[in-house]
Each structure stands twice: as C-alpha cells, then as structure tokens.
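Raw model-v5.txt, compact mmCIF, C-alpha atoms and all ligand atoms:
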```
# COMPACT_ATOMS: atom_id res chain seq x y z
CA MET A 39 109.07 92.21 94.81
CA VAL A 40 109.48 94.45 91.75
CA ILE A 41 107.05 96.76 89.92
CA SER A 42 107.45 98.92 86.87
CA ILE A 43 105.66 102.14 86.04
CA ASP A 44 105.39 103.52 82.53
CA SER A 45 105.99 107.24 82.07
CA PRO A 46 105.17 108.56 85.54
CA LEU A 47 103.81 112.11 85.54
CA ASP A 48 103.85 114.78 88.23
CA MET A 49 100.95 117.08 87.39
CA HIS A 50 101.78 119.83 89.92
CA LEU A 51 105.43 120.67 90.25
CA HIS A 52 107.44 123.69 91.44
CA LEU A 53 110.85 123.77 89.79
CA ARG A 54 111.80 127.35 90.77
CA ASP A 55 114.64 129.13 88.96
CA MET A 56 118.40 129.79 89.10
CA ASP A 57 120.37 127.71 91.65
CA MET A 58 117.32 125.89 93.02
CA LEU A 59 116.21 124.95 89.49
CA ASP A 60 119.65 123.46 88.89
CA ILE A 61 119.30 121.34 92.03
CA VAL A 62 115.72 120.13 91.67
CA ALA A 63 115.09 119.80 87.90
CA PRO A 64 117.42 116.78 87.46
CA LEU A 65 115.82 115.10 90.50
CA SER A 66 112.34 115.21 88.94
CA ALA A 67 113.64 114.45 85.45
CA GLU A 68 115.47 111.36 86.65
CA THR A 69 112.34 109.39 87.53
CA PHE A 70 109.40 111.25 85.96
CA ALA A 71 108.58 111.42 82.26
CA GLY A 72 106.98 114.83 82.59
CA GLY A 73 105.60 117.37 85.00
CA LEU A 74 103.18 120.29 84.98
CA VAL A 75 105.40 123.20 85.96
CA MET A 76 103.86 125.91 88.12
CA PRO A 77 104.26 129.56 87.09
CA ASN A 78 104.66 131.22 90.52
CA LEU A 79 108.13 132.60 89.88
CA VAL A 80 109.12 136.16 90.82
CA PRO A 81 107.79 137.77 88.68
CA PRO A 82 105.14 135.20 87.69
CA VAL A 83 105.09 133.66 84.20
CA THR A 84 102.62 135.84 82.28
CA THR A 85 104.00 136.21 78.75
CA LYS A 86 104.74 133.85 75.88
CA GLU A 87 108.38 134.86 76.02
CA ALA A 88 108.56 134.06 79.74
CA VAL A 89 106.98 130.63 79.14
CA CYS A 90 109.45 129.76 76.38
CA ASP A 91 112.49 131.12 78.24
CA TYR A 92 111.54 129.25 81.40
CA ARG A 93 111.08 126.00 79.44
CA ASN A 94 114.55 126.48 77.93
CA ARG A 95 116.07 127.03 81.38
CA ILE A 96 114.37 123.87 82.67
CA CYS A 97 115.57 121.82 79.71
CA ARG A 98 119.12 123.04 80.28
CA ALA A 99 118.92 122.28 84.01
CA GLN A 100 117.42 118.79 83.70
CA GLY A 101 120.51 117.40 81.95
CA ASP A 102 120.31 114.30 79.76
CA HIS A 103 117.14 112.91 81.30
CA CYS A 104 114.15 112.36 79.07
CA PHE A 105 111.52 114.64 80.66
CA THR A 106 108.83 116.94 79.27
CA PRO A 107 108.17 120.12 81.22
CA TYR A 108 104.50 120.90 80.54
CA MET A 109 104.29 124.66 80.97
CA THR A 110 101.64 126.84 82.62
CA LEU A 111 100.79 130.50 82.57
CA PHE A 112 99.85 132.52 85.68
CA PHE A 113 96.14 133.43 85.40
CA ARG A 114 95.28 137.07 84.87
CA SER A 115 91.83 138.36 84.06
CA ASP A 116 93.17 140.94 81.60
CA TYR A 117 94.66 138.51 79.06
CA ARG A 118 93.44 139.34 75.54
CA PRO A 119 91.90 136.61 73.34
CA GLU A 120 94.65 137.11 70.71
CA PHE A 121 97.31 136.57 73.37
CA LEU A 122 95.69 133.34 74.58
CA GLU A 123 95.40 132.11 70.98
CA SER A 124 99.09 132.85 70.39
CA VAL A 125 100.30 131.13 73.59
CA LYS A 126 98.04 128.07 73.62
CA ASP A 127 100.48 125.72 71.90
CA GLU A 128 103.23 126.57 74.40
CA ILE A 129 101.25 125.71 77.54
CA LEU A 130 99.20 122.84 78.88
CA ALA A 131 97.13 124.85 81.37
CA ILE A 132 96.66 128.18 83.13
CA LYS A 133 97.04 128.32 86.90
CA LEU A 134 94.80 130.56 88.97
CA TYR A 135 95.92 131.69 92.44
CA PRO A 136 93.83 133.73 94.85
CA ALA A 137 95.94 136.83 95.59
CA GLY A 138 98.39 136.33 98.44
CA ILE A 139 97.16 132.84 99.42
CA THR A 140 100.52 131.07 99.03
CA THR A 141 104.14 131.48 97.91
CA ASN A 142 104.53 134.19 95.21
CA SER A 143 100.80 134.55 94.53
CA GLU A 144 100.52 138.28 95.19
CA GLY A 145 99.53 138.98 91.56
CA GLY A 146 96.62 136.53 91.73
CA VAL A 147 92.85 137.04 91.67
CA SER A 148 91.13 139.13 94.36
CA GLY A 149 87.48 138.31 94.87
CA PHE A 150 85.89 135.90 92.44
CA ASP A 151 83.76 138.19 90.32
CA LEU A 152 82.35 136.10 87.50
CA GLU A 153 81.95 139.14 85.26
CA GLU A 154 85.62 139.96 85.65
CA LEU A 155 86.82 136.38 85.08
CA SER A 156 84.40 135.39 82.32
CA PRO A 157 86.12 136.87 79.25
CA VAL A 158 89.34 134.92 79.86
CA LEU A 159 87.60 131.73 81.06
CA GLY A 160 85.32 131.81 78.01
CA VAL A 161 88.29 132.00 75.64
CA MET A 162 90.12 129.25 77.55
CA SER A 163 87.04 127.06 77.25
CA ASP A 164 86.81 127.74 73.49
CA LEU A 165 90.52 127.06 72.99
CA GLY A 166 90.51 123.94 75.21
CA ILE A 167 93.01 125.30 77.74
CA PRO A 168 92.42 123.69 81.17
CA LEU A 169 92.19 125.87 84.29
CA CYS A 170 94.19 124.74 87.33
CA VAL A 171 93.11 126.34 90.59
CA HIS A 172 94.65 126.81 94.02
CA GLY A 173 91.28 126.61 95.78
CA GLU A 174 91.49 128.39 99.11
CA THR A 175 89.63 131.41 100.49
CA GLY A 176 91.14 133.88 102.93
CA GLY A 177 89.16 132.33 105.82
CA PHE A 178 90.29 130.28 108.83
CA VAL A 179 93.17 128.11 107.64
CA MET A 180 91.46 124.74 108.26
CA ASP A 181 88.31 125.86 106.43
CA ARG A 182 89.83 127.59 103.42
CA GLU A 183 89.46 124.73 100.96
CA ALA A 184 85.95 123.70 102.02
CA GLU A 185 84.87 127.35 101.78
CA PHE A 186 86.21 127.49 98.25
CA ILE A 187 83.98 124.64 96.97
CA PRO A 188 81.09 126.98 96.00
CA ILE A 189 83.56 128.92 93.83
CA TYR A 190 84.60 125.69 92.09
CA GLU A 191 80.90 124.94 91.57
CA MET A 192 80.22 128.40 90.15
CA LEU A 193 83.09 128.00 87.69
CA ALA A 194 82.11 124.43 86.75
CA GLN A 195 78.47 125.40 86.16
CA ASN A 196 79.19 128.52 84.15
CA PHE A 197 81.88 126.92 81.99
CA PRO A 198 80.75 123.31 81.48
CA ASP A 199 83.27 122.76 78.66
CA LEU A 200 86.23 124.12 80.63
CA LYS A 201 88.35 121.46 82.33
CA ILE A 202 88.92 122.64 85.90
CA VAL A 203 91.55 120.97 88.05
CA MET A 204 91.20 121.39 91.81
CA GLU A 205 94.86 121.40 92.74
CA HIS A 206 96.35 119.56 95.71
CA ILE A 207 93.02 118.77 97.35
CA THR A 208 93.07 118.10 101.09
CA THR A 209 89.45 117.71 102.23
CA LYS A 210 86.54 115.30 102.05
CA GLU A 211 84.46 118.21 100.71
CA ALA A 212 86.70 118.55 97.65
CA VAL A 213 86.60 114.78 97.09
CA ALA A 214 82.79 114.89 97.20
CA ALA A 215 82.67 117.77 94.68
CA LEU A 216 84.59 115.70 92.12
CA ASP A 217 81.60 113.56 91.23
CA ARG A 218 79.09 116.39 91.05
CA TYR A 219 80.50 118.01 87.90
CA ASP A 220 81.80 116.28 84.78
CA ASN A 221 84.37 119.03 84.24
CA LEU A 222 85.96 118.97 87.73
CA PHE A 223 89.19 117.01 88.21
CA ALA A 224 91.81 116.97 90.99
CA THR A 225 95.44 116.45 91.83
CA ILE A 226 96.53 114.88 95.12
CA THR A 227 99.99 115.16 96.66
CA LEU A 228 102.09 112.48 98.33
CA HIS A 229 102.27 114.35 101.63
CA HIS A 230 98.52 114.84 101.97
CA LEU A 231 98.11 111.07 101.57
CA TYR A 232 100.53 110.50 104.46
CA ILE A 233 100.02 113.27 106.99
CA THR A 234 97.40 115.14 108.96
CA LEU A 235 97.72 118.39 110.92
CA ASP A 236 98.89 116.27 113.86
CA ASP A 237 102.08 115.39 111.98
CA VAL A 238 102.77 119.08 111.36
CA ALA A 239 101.91 120.62 114.71
CA GLY A 240 100.67 117.90 117.08
CA GLY A 241 104.08 117.46 118.70
CA LEU A 242 107.21 119.50 118.09
CA LEU A 243 106.61 121.75 115.08
CA GLN A 244 107.71 120.15 111.79
CA PRO A 245 108.58 122.98 109.39
CA HIS A 246 109.38 120.62 106.51
CA LEU A 247 105.75 119.39 106.57
CA PHE A 248 104.27 122.90 106.62
CA CYS A 249 102.54 123.72 103.34
CA LYS A 250 99.51 125.32 101.75
CA PRO A 251 96.90 123.97 101.84
CA ILE A 252 97.70 122.84 105.38
CA ALA A 253 97.25 119.11 106.08
CA LYS A 254 93.79 118.46 107.55
CA ARG A 255 91.95 115.86 109.66
CA PRO A 256 92.18 112.04 109.61
CA GLU A 257 88.77 111.80 107.91
CA ASP A 258 89.97 114.13 105.14
CA ARG A 259 93.08 112.01 104.60
CA SER A 260 90.87 108.90 104.45
CA ALA A 261 88.75 110.47 101.72
CA LEU A 262 91.90 111.33 99.74
CA LEU A 263 93.32 107.83 100.21
CA ASN A 264 90.08 106.31 99.04
CA VAL A 265 90.12 108.05 95.65
CA ALA A 266 93.90 107.88 95.15
CA LEU A 267 94.32 104.20 96.04
CA GLY A 268 91.22 103.39 94.00
CA ALA A 269 92.65 105.42 91.09
CA HIS A 270 89.40 107.35 90.70
CA PRO A 271 89.43 108.32 86.99
CA LYS A 272 89.29 112.05 87.78
CA VAL A 273 92.27 112.20 90.13
CA MET A 274 95.93 112.48 89.20
CA PHE A 275 99.18 112.56 91.11
CA GLY A 276 100.57 116.07 91.50
CA SER A 277 103.35 116.27 94.08
CA ASP A 278 103.19 120.03 94.70
CA SER A 279 106.85 119.45 95.46
CA ALA A 280 107.76 122.95 96.62
CA PRO A 281 111.44 123.32 97.54
CA HIS A 282 112.62 126.17 99.72
CA PRO A 283 116.20 126.62 101.00
CA ARG A 284 116.67 125.09 104.43
CA ASP A 285 117.23 128.49 106.07
CA LYS A 286 113.80 129.63 104.82
CA LYS A 287 112.10 126.54 106.29
CA GLU A 288 113.91 126.30 109.62
CA ALA A 289 113.16 129.91 110.49
CA PRO A 290 110.59 132.18 112.09
CA GLY A 291 108.13 132.84 109.27
CA CYS A 292 108.76 129.36 107.83
CA ALA A 293 108.02 129.24 104.06
CA ALA A 294 105.17 126.95 102.97
CA GLY A 295 106.00 123.91 100.86
CA VAL A 296 107.04 120.26 101.17
CA PHE A 297 109.87 118.99 98.97
CA THR A 298 108.97 115.50 97.72
CA ALA A 299 110.03 115.20 94.07
CA PRO A 300 113.04 112.86 94.55
CA ILE A 301 111.22 110.49 96.89
CA ALA A 302 107.73 110.67 95.40
CA LEU A 303 107.66 107.38 93.50
CA GLN A 304 109.27 105.48 96.37
CA GLY A 305 106.75 107.02 98.78
CA LEU A 306 103.82 106.20 96.51
CA ALA A 307 104.97 102.60 96.02
CA GLN A 308 105.25 102.16 99.79
CA LEU A 309 101.79 103.62 100.34
CA PHE A 310 100.01 101.68 97.57
CA ASP A 311 101.79 98.48 98.67
CA ARG A 312 100.75 98.94 102.32
CA HIS A 313 97.15 99.27 101.21
CA GLY A 314 97.30 96.37 98.74
CA ALA A 315 96.63 98.71 95.82
CA LEU A 316 99.82 98.51 93.73
CA GLU A 317 97.81 97.57 90.65
CA ASN A 318 96.24 101.07 90.68
CA LEU A 319 99.48 103.04 90.92
CA GLN A 320 99.99 103.22 87.13
CA ALA A 321 96.59 104.89 86.66
CA PHE A 322 97.10 107.34 89.53
CA VAL A 323 100.59 108.38 88.52
CA SER A 324 100.27 108.48 84.75
CA ASP A 325 97.28 107.04 82.85
CA ASN A 326 94.62 109.29 84.37
CA ALA A 327 96.64 112.42 83.64
CA GLN A 328 97.31 111.30 80.06
CA ARG A 329 93.59 110.86 79.48
CA ILE A 330 92.44 114.01 81.31
CA TYR A 331 94.99 116.31 79.64
CA GLY A 332 95.16 114.42 76.32
CA ILE A 333 98.96 114.12 76.46
CA THR A 334 101.40 111.41 75.44
CA PRO A 335 104.54 111.75 77.53
CA PRO A 336 107.91 110.33 76.48
CA ALA A 337 108.23 106.58 76.99
CA LYS A 338 110.07 105.90 80.24
CA LYS A 339 110.04 102.76 82.34
CA VAL A 340 110.74 103.14 86.03
CA VAL A 341 111.47 99.95 87.95
CA LEU A 342 111.01 99.93 91.73
CA GLU A 343 112.00 97.16 94.10
CA LYS A 344 110.85 96.46 97.64
CA THR A 345 114.21 97.04 99.32
CA PRO A 346 114.84 99.66 102.04
CA TYR A 347 115.87 103.08 100.75
CA LEU A 348 117.47 105.62 103.06
CA VAL A 349 116.23 109.09 102.10
CA PRO A 350 119.04 111.70 102.03
CA GLU A 351 119.03 114.25 104.87
CA ILE A 352 119.47 117.11 102.42
CA TYR A 353 120.14 117.74 98.70
CA GLU A 354 123.15 119.87 97.71
CA GLY A 355 123.39 121.15 101.27
CA SER A 356 120.34 123.26 100.58
CA VAL A 357 116.93 121.57 100.46
CA VAL A 358 115.47 119.02 102.86
CA PRO A 359 113.09 116.36 101.49
CA MET A 360 110.09 114.76 103.17
CA PHE A 361 111.21 111.60 105.05
CA ALA A 362 114.77 113.04 105.38
CA GLY A 363 117.01 110.48 107.06
CA GLN A 364 114.22 107.89 107.23
CA SER A 365 113.94 104.58 105.47
CA LEU A 366 111.31 103.91 102.81
CA ALA A 367 110.37 100.33 101.89
CA TRP A 368 110.82 100.81 98.13
CA ARG A 369 113.75 102.04 96.03
CA VAL A 370 114.06 103.00 92.36
CA VAL A 371 116.37 100.51 90.63
CA SER A 372 116.24 101.90 87.12
CA ALA A 373 114.58 104.61 85.05
CA GLY A 374 114.93 105.05 81.33
N1 LIG A 401 102.40 124.26 98.47
C1 LIG A 401 103.03 125.22 99.10
O1 LIG A 401 102.96 125.30 100.34
N2 LIG A 401 103.80 126.13 98.45
C2 LIG A 401 103.92 126.29 97.02
C3 LIG A 401 102.79 127.04 96.43
C4 LIG A 401 101.49 126.28 96.41
O2 LIG A 401 101.31 125.39 95.58
O3 LIG A 401 100.66 126.57 97.27
C5 LIG A 401 105.24 127.01 96.73
O4 LIG A 401 105.41 127.45 95.60
O5 LIG A 401 106.07 127.11 97.62
```
How does this structure look as structure tokens?
Ligand SMILES: NC(=O)N[C@@H](CC(=O)O)C(=O)O
Amino acid sequence: MVISIDSPLDMHLHLRDMDMLDIVAPLSAETFAGGLVMPNLVPPVTTKEAVCDYRNRICRAQGDHCFTPYMTLFFRSDYRPEFLESVKDEILAIKLYPAGITTNSEGGVSGFDLEELSPVLGVMSDLGIPLCVHGETGGFVMDREAEFIPIYEMLAQNFPDLKIVMEHITTKEAVAALDRYDNLFATITLHHLYITLDDVAGGLLQPHLFCKPIAKRPEDRSALLNVALGAHPKVMFGSDSAPHPRDKKEAPGCAAGVFTAPIALQGLAQLFDRHGALENLQAFVSDNAQRIYGITPPAKKVVLEKTPYLVPEIYEGSVVPMFAGQSLAWRVVSAG
C-alpha cells in the first residue's frame, strides 16, 4: 500500500542552533515542506535581526532540500507597535511562554495580567499576527494545562480577532475548549497521540519520552486521537520535536523534549492506518495549517509505503529519536 502527502507541515518545531541545528535541520527539511520554528534559543529570538539571522542559519543548515522555515518571535509584553509593524513580514507568529515553564523559557510571561499583555496583543490582533501559546500554569504537573484553560478563554474573549494557537495540547479539557471560541486553534504532537504517562513512568523511566507538557491519561489521549484522526478543522500537526543531546536526556535532571522530526510522517502514517483514517492525514498534516495560517508552502510530494522501517538508534551519535531501534510499519520512499 502506498500513500502520498502534499507539502507536509510541522507547525511546532525546535531546530536549535549551532551543531544541533546542523544535525536536525536537514532531517526536517528532507520530508517536510515547512515548519513553524520556535524561538526559545539562548538568548531567545526577540529582535528582527535575530529572526533574520536565525532564518539564514537554518537555510544554510537544511542543505538543498526545499523547506520553508516559518519564523516566530519570543513574546514580550514590552514590544513597541512600531517594532511589531516592522517585523511582521518576517514572522508567521509570536510564541508566548509562561516564565520558566519549559526549556529556555526564563524570559517568558509571569502572571497573566491582561492590562500588561493587552497593548502587544491588541497590536498583534490589528496586524493579523497569530499568538502561539505554551499553555501551562505553575501548578501540579498533571493539572497545568487544564488549569490554563481559563487563561486561554480570557485571551480568546478579549481579543476575538486574534488567532490563538494552543500549542501541543495534551488534555480533554483543551480539546473541549477548541469548539467554544472561533479564534482558538491547536497543534497536536505525534508523541501525545501515542503515549500516556504510563509509557513515560509506569515501568522503568523513559527519559526520551519525557517532555513538557507531560503525557497525560488514556482518556486525554483518546480525546486527542478523536480530533486528530478526524482532522478537526481547527487542529494541525505540530511535532514539538525537541532534540537534546543524549547526555542531557540520559542524566539526572533529564531535559524535557521528545525528538520526533525524522520519524514523524512514518509514525503518523502508521497511526492513521491503524485507525482506518489515512484519508484524513493530508488535512491534519498540511491542509488545516495552510488554511488557518493562510500560507502556501512549497510544493513537495512525499510518498510513503507500508513496508517496515527500522528507526535509527541515534542520529550523528548525539540525539535519540522516539521509537529508536524499533520498527515502524511505514517508510518514506520519496520526497521532492
Ligand atoms: N517540549 C519540551 O519538552 N521541550 C521543548 C520546549 C517546549 O515546547 O515545551 C524544548 O525546547 O526542549
């Protein structure tokens, strides 16, 4: 059995910088037509110059592959309207992190004071710049996303013309919020469609499946599967592929992030096939994002075939992917 996907998009992608960028950028660019690149570098991407320089570094690192890095800016509440006007054509969205909630988010937002956030959110709404949000509070780790829903609702109500993307959702509460506000959208990762907390910590601890937000309960995964497999028009694929060097994962104080970019399409094909939903994969992995963000990615046809694919144990001796050393039911036969 063979399927083809037109211009797959990864709408939440960590490409990092320096040596790691050189390893991972070609892997995404090989099979995806574009990706929304997260700004949580050290220091975070907060100026027009940093956006443009980072894009240039990505384009150099990705090699000959046809791939559009859609850039983001790290949200700050002190951006001036003139700055946002000047940077808007260089970015696709602005990413808001609660301070300290995940990798390199220390410069994020503390407290969600509407008065403090409103000037920037108002300008973003006027300029049509979408807001992407890492929606977790500082509460108990399993409750962080559900506790954040009222903040999403406050933002959605106060800025009805602002497109708000709930990033990497993991709970049935976030799925339910999607349909309550026209301007709320969501990305869903590959790993949250496959795993629950049991896979991370139910047996021997699995550091390569440890990420933020942490994987939740079976009923949460079912809610995610329902909207992803059904290609709900407000959900998009966003891998949140978050590579860390092996020695930072297999260590006390294990870094958060699952590396999925090179096996994402194979993993999605296997999942959608198992559930008899292959006809919806195109919408989930490209069409919905094109419509929601109003983008036309480069034309790229990726052909996958139902033949076993052995996932590498490690890339460049440095970064371990999800499903390392395991066999997936689908392989990529061509992309171009
Ligand atoms: N997902 C993660 O666990 N980590 C991401 C940051 C993020 O998206 O939370 C990273 O940059 O490492």
Compute the set of protein, DNA and RNA residues whose minimum atom distance to ligand LIG 401 (chain A) is at most 9 Å, using all atoms listed in the file, and state it as an MDAnalysis selection string.
-> chainID A and resid 50:54 76:79 135 139:143 172 205:206 248:252 278:282 293:296
Next, write the just-selected residues to a file, as a PDB file, in the frame of the given file, keeping C-alpha atoms as the atom set.
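And here is the file that came out, result.pdb:
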```
ATOM      1  CA  HIS A  50     101.780 119.830  89.920  1.00  0.00           C
ATOM      2  CA  LEU A  51     105.430 120.670  90.250  1.00  0.00           C
ATOM      3  CA  HIS A  52     107.440 123.690  91.440  1.00  0.00           C
ATOM      4  CA  LEU A  53     110.850 123.770  89.790  1.00  0.00           C
ATOM      5  CA  ARG A  54     111.800 127.350  90.770  1.00  0.00           C
ATOM      6  CA  MET A  76     103.860 125.910  88.120  1.00  0.00           C
ATOM      7  CA  PRO A  77     104.260 129.560  87.090  1.00  0.00           C
ATOM      8  CA  ASN A  78     104.660 131.220  90.520  1.00  0.00           C
ATOM      9  CA  LEU A  79     108.130 132.600  89.880  1.00  0.00           C
ATOM     10  CA  TYR A 135      95.920 131.690  92.440  1.00  0.00           C
ATOM     11  CA  ILE A 139      97.160 132.840  99.420  1.00  0.00           C
ATOM     12  CA  THR A 140     100.520 131.070  99.030  1.00  0.00           C
ATOM     13  CA  THR A 141     104.140 131.480  97.910  1.00  0.00           C
ATOM     14  CA  ASN A 142     104.530 134.190  95.210  1.00  0.00           C
ATOM     15  CA  SER A 143     100.800 134.550  94.530  1.00  0.00           C
ATOM     16  CA  HIS A 172      94.650 126.810  94.020  1.00  0.00           C
ATOM     17  CA  GLU A 205      94.860 121.400  92.740  1.00  0.00           C
ATOM     18  CA  HIS A 206      96.350 119.560  95.710  1.00  0.00           C
ATOM     19  CA  PHE A 248     104.270 122.900 106.620  1.00  0.00           C
ATOM     20  CA  CYS A 249     102.540 123.720 103.340  1.00  0.00           C
ATOM     21  CA  LYS A 250      99.510 125.320 101.750  1.00  0.00           C
ATOM     22  CA  PRO A 251      96.900 123.970 101.840  1.00  0.00           C
ATOM     23  CA  ILE A 252      97.700 122.840 105.380  1.00  0.00           C
ATOM     24  CA  ASP A 278     103.190 120.030  94.700  1.00  0.00           C
ATOM     25  CA  SER A 279     106.850 119.450  95.460  1.00  0.00           C
ATOM     26  CA  ALA A 280     107.760 122.950  96.620  1.00  0.00           C
ATOM     27  CA  PRO A 281     111.440 123.320  97.540  1.00  0.00           C
ATOM     28  CA  HIS A 282     112.620 126.170  99.720  1.00  0.00           C
ATOM     29  CA  ALA A 293     108.020 129.240 104.060  1.00  0.00           C
ATOM     30  CA  ALA A 294     105.170 126.950 102.970  1.00  0.00           C
ATOM     31  CA  GLY A 295     106.000 123.910 100.860  1.00  0.00           C
ATOM     32  CA  VAL A 296     107.040 120.260 101.170  1.00  0.00           C
TER      33      VAL A 296
END
```
Which one of A:Ala137, A:Ala224, A:Val213, A:Val179 sits closest to Gly149 in chain A if you count only C-alpha atoms?
-> A:Ala137
What is the CA of Val265 in chain A-CA of Val358 in chain A distance in Å, reported with one decimal?
-> 28.5 Å
Please provide as a list in words all residues within 9 Å of Leu155 in chain A, with the sequence filter that same-chain residues fewer than 6 positions apart are discarded (counting only C-alpha atoms).
->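 In the requested form, the answer reads Arg114, Ser115, Asp116 and Val147 of chain A.
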Length of the CA of Glu128 in chain A to CA of Met192 in chain A vector [Å] | 27.9 Å
So how far away is CA of Lys254 in chain A from CA of Asp48 in chain A, in Å?
-> 22.1 Å
Please provide the set of residues having any atom within 8 Å of Asp258 in chain A, restricted to only C-alpha atoms, with same-chain residues fewer than 6 positions apart removed, written as number ranges by chain.
-> A: 208-210
8 Å contact set for Val341 in chain A, all atoms listed in the file, chain neighbours under 5 positions out, as a ChimeraX atom specification = /A:40-43,370-373
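Excluding Ala194 in chain A itself and same-chain residues fewer than 4 positions from it, the residues having an atom within 12 Å of it are Leu152, Leu159, Gly160, Ser163, Pro168, Leu169, Val171, Ile187, Pro188, Ile189, Tyr190, Pro198, Asp199, Leu200, Lys201, Ile202, Val203, Met204, Ala215, Leu216, Asp217, Arg218, Tyr219, Asp220, Asn221, Leu222 and Phe223 of chain A, counting only C-alpha atoms.
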Considering all atoms listed in the file, state which residue in the set A:Leu309, A:Leu111, A:Leu74, A:Met58 is at the smallest distance from Arg95 in chain A.
-> A:Met58
Skip Gly374 in chain A itself and residues of its chain fewer than 5 positions away, then list as a list of chain:residue names all residues within 12 Å of it, counting only C-alpha atoms.
-> A:Ser42, A:Ile43, A:Asp44, A:Ser45, A:Pro46, A:Ala67, A:Glu68, A:Thr69, A:Phe70, A:Ala71, A:Asp102, A:His103, A:Cys104, A:Phe105, A:Pro336, A:Ala337, A:Lys338, A:Lys339, A:Val340, A:Val341
Filtering to C-alpha atoms, could you give me those residues as a compact mmCIF listing (two decimals), keeping the file's coordinate frame?
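Result file part_18.txt:
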```txt
# COMPACT_ATOMS: atom_id res chain seq x y z
CA SER A 42 107.45 98.92 86.87
CA ILE A 43 105.66 102.14 86.04
CA ASP A 44 105.39 103.52 82.53
CA SER A 45 105.99 107.24 82.07
CA PRO A 46 105.17 108.56 85.54
CA ALA A 67 113.64 114.45 85.45
CA GLU A 68 115.47 111.36 86.65
CA THR A 69 112.34 109.39 87.53
CA PHE A 70 109.40 111.25 85.96
CA ALA A 71 108.58 111.42 82.26
CA ASP A 102 120.31 114.30 79.76
CA HIS A 103 117.14 112.91 81.30
CA CYS A 104 114.15 112.36 79.07
CA PHE A 105 111.52 114.64 80.66
CA PRO A 336 107.91 110.33 76.48
CA ALA A 337 108.23 106.58 76.99
CA LYS A 338 110.07 105.90 80.24
CA LYS A 339 110.04 102.76 82.34
CA VAL A 340 110.74 103.14 86.03
CA VAL A 341 111.47 99.95 87.95
```
Rank A:Lys272, A:Arg369, A:Lys86, A:His313 by their smallest atom-to-atom distance to Ala214 in chain A, using all atoms listed in the file, and report the top residue only.
->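 Between A:Lys272, A:Arg369, A:Lys86, A:His313, the residue approaching Ala214 in chain A most closely is A:Lys272.
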Taking (91.4, 132.6, 101.4) in the file's coordinates, which residues come within 9 Å, counting all atoms listed in the file, written as number ranges by chain?
-> A: 136-139, 173-179, 181-183, 185-186
Is it possible to add N, CA and C atoms to range 147-165 of chain A and hand it back as a PDB file, in the coordinates of the input?
```pdb
ATOM      1  N   VAL A 147      94.205 136.492  91.786  1.00  0.00           N
ATOM      2  CA  VAL A 147      92.850 137.040  91.670  1.00  0.00           C
ATOM      3  C   VAL A 147      92.327 137.463  93.040  1.00  0.00           C
ATOM      4  N   SER A 148      91.762 138.675  93.120  1.00  0.00           N
ATOM      5  CA  SER A 148      91.130 139.130  94.360  1.00  0.00           C
ATOM      6  C   SER A 148      89.629 139.100  94.173  1.00  0.00           C
ATOM      7  N   GLY A 149      88.926 138.402  95.045  1.00  0.00           N
ATOM      8  CA  GLY A 149      87.480 138.310  94.870  1.00  0.00           C
ATOM      9  C   GLY A 149      87.237 137.424  93.659  1.00  0.00           C
ATOM     10  N   PHE A 150      86.134 136.764  93.600  1.00  0.00           N
ATOM     11  CA  PHE A 150      85.890 135.900  92.440  1.00  0.00           C
ATOM     12  C   PHE A 150      84.657 136.401  91.716  1.00  0.00           C
ATOM     13  N   ASP A 151      84.849 137.538  91.031  1.00  0.00           N
ATOM     14  CA  ASP A 151      83.760 138.190  90.320  1.00  0.00           C
ATOM     15  C   ASP A 151      83.641 137.558  88.935  1.00  0.00           C
ATOM     16  N   LEU A 152      82.528 136.859  88.741  1.00  0.00           N
ATOM     17  CA  LEU A 152      82.350 136.100  87.500  1.00  0.00           C
ATOM     18  C   LEU A 152      82.447 137.013  86.271  1.00  0.00           C
ATOM     19  N   GLU A 153      81.912 138.218  86.408  1.00  0.00           N
ATOM     20  CA  GLU A 153      81.950 139.140  85.260  1.00  0.00           C
ATOM     21  C   GLU A 153      83.391 139.495  84.872  1.00  0.00           C
ATOM     22  N   GLU A 154      84.225 139.611  85.909  1.00  0.00           N
ATOM     23  CA  GLU A 154      85.620 139.960  85.650  1.00  0.00           C
ATOM     24  C   GLU A 154      86.386 138.775  85.042  1.00  0.00           C
ATOM     25  N   LEU A 155      86.060 137.562  85.514  1.00  0.00           N
ATOM     26  CA  LEU A 155      86.820 136.380  85.080  1.00  0.00           C
ATOM     27  C   LEU A 155      86.325 135.815  83.753  1.00  0.00           C
ATOM     28  N   SER A 156      85.047 136.083  83.446  1.00  0.00           N
ATOM     29  CA  SER A 156      84.400 135.390  82.320  1.00  0.00           C
ATOM     30  C   SER A 156      85.074 135.559  80.965  1.00  0.00           C
ATOM     31  N   PRO A 157      85.533 136.764  80.595  1.00  0.00           N
ATOM     32  CA  PRO A 157      86.120 136.870  79.250  1.00  0.00           C
ATOM     33  C   PRO A 157      87.269 135.886  79.054  1.00  0.00           C
ATOM     34  N   VAL A 158      88.189 135.812  80.024  1.00  0.00           N
ATOM     35  CA  VAL A 158      89.340 134.920  79.860  1.00  0.00           C
ATOM     36  C   VAL A 158      88.899 133.452  79.953  1.00  0.00           C
ATOM     37  N   LEU A 159      88.026 133.136  80.914  1.00  0.00           N
ATOM     38  CA  LEU A 159      87.600 131.730  81.060  1.00  0.00           C
ATOM     39  C   LEU A 159      86.839 131.266  79.827  1.00  0.00           C
ATOM     40  N   GLY A 160      86.062 132.168  79.226  1.00  0.00           N
ATOM     41  CA  GLY A 160      85.320 131.810  78.010  1.00  0.00           C
ATOM     42  C   GLY A 160      86.272 131.465  76.869  1.00  0.00           C
ATOM     43  N   VAL A 161      87.315 132.273  76.716  1.00  0.00           N
ATOM     44  CA  VAL A 161      88.290 132.000  75.640  1.00  0.00           C
ATOM     45  C   VAL A 161      89.045 130.707  75.940  1.00  0.00           C
ATOM     46  N   MET A 162      89.420 130.503  77.202  1.00  0.00           N
ATOM     47  CA  MET A 162      90.120 129.250  77.550  1.00  0.00           C
ATOM     48  C   MET A 162      89.236 128.054  77.228  1.00  0.00           C
ATOM     49  N   SER A 163      87.968 128.166  77.538  1.00  0.00           N
ATOM     50  CA  SER A 163      87.040 127.060  77.250  1.00  0.00           C
ATOM     51  C   SER A 163      86.986 126.815  75.738  1.00  0.00           C
ATOM     52  N   ASP A 164      86.878 127.888  74.960  1.00  0.00           N
ATOM     53  CA  ASP A 164      86.810 127.740  73.490  1.00  0.00           C
ATOM     54  C   ASP A 164      88.095 127.136  72.937  1.00  0.00           C
ATOM     55  N   LEU A 165      89.228 127.532  73.520  1.00  0.00           N
ATOM     56  CA  LEU A 165      90.520 127.060  72.990  1.00  0.00           C
ATOM     57  C   LEU A 165      90.935 125.709  73.585  1.00  0.00           C
TER      58      LEU A 165
END
```
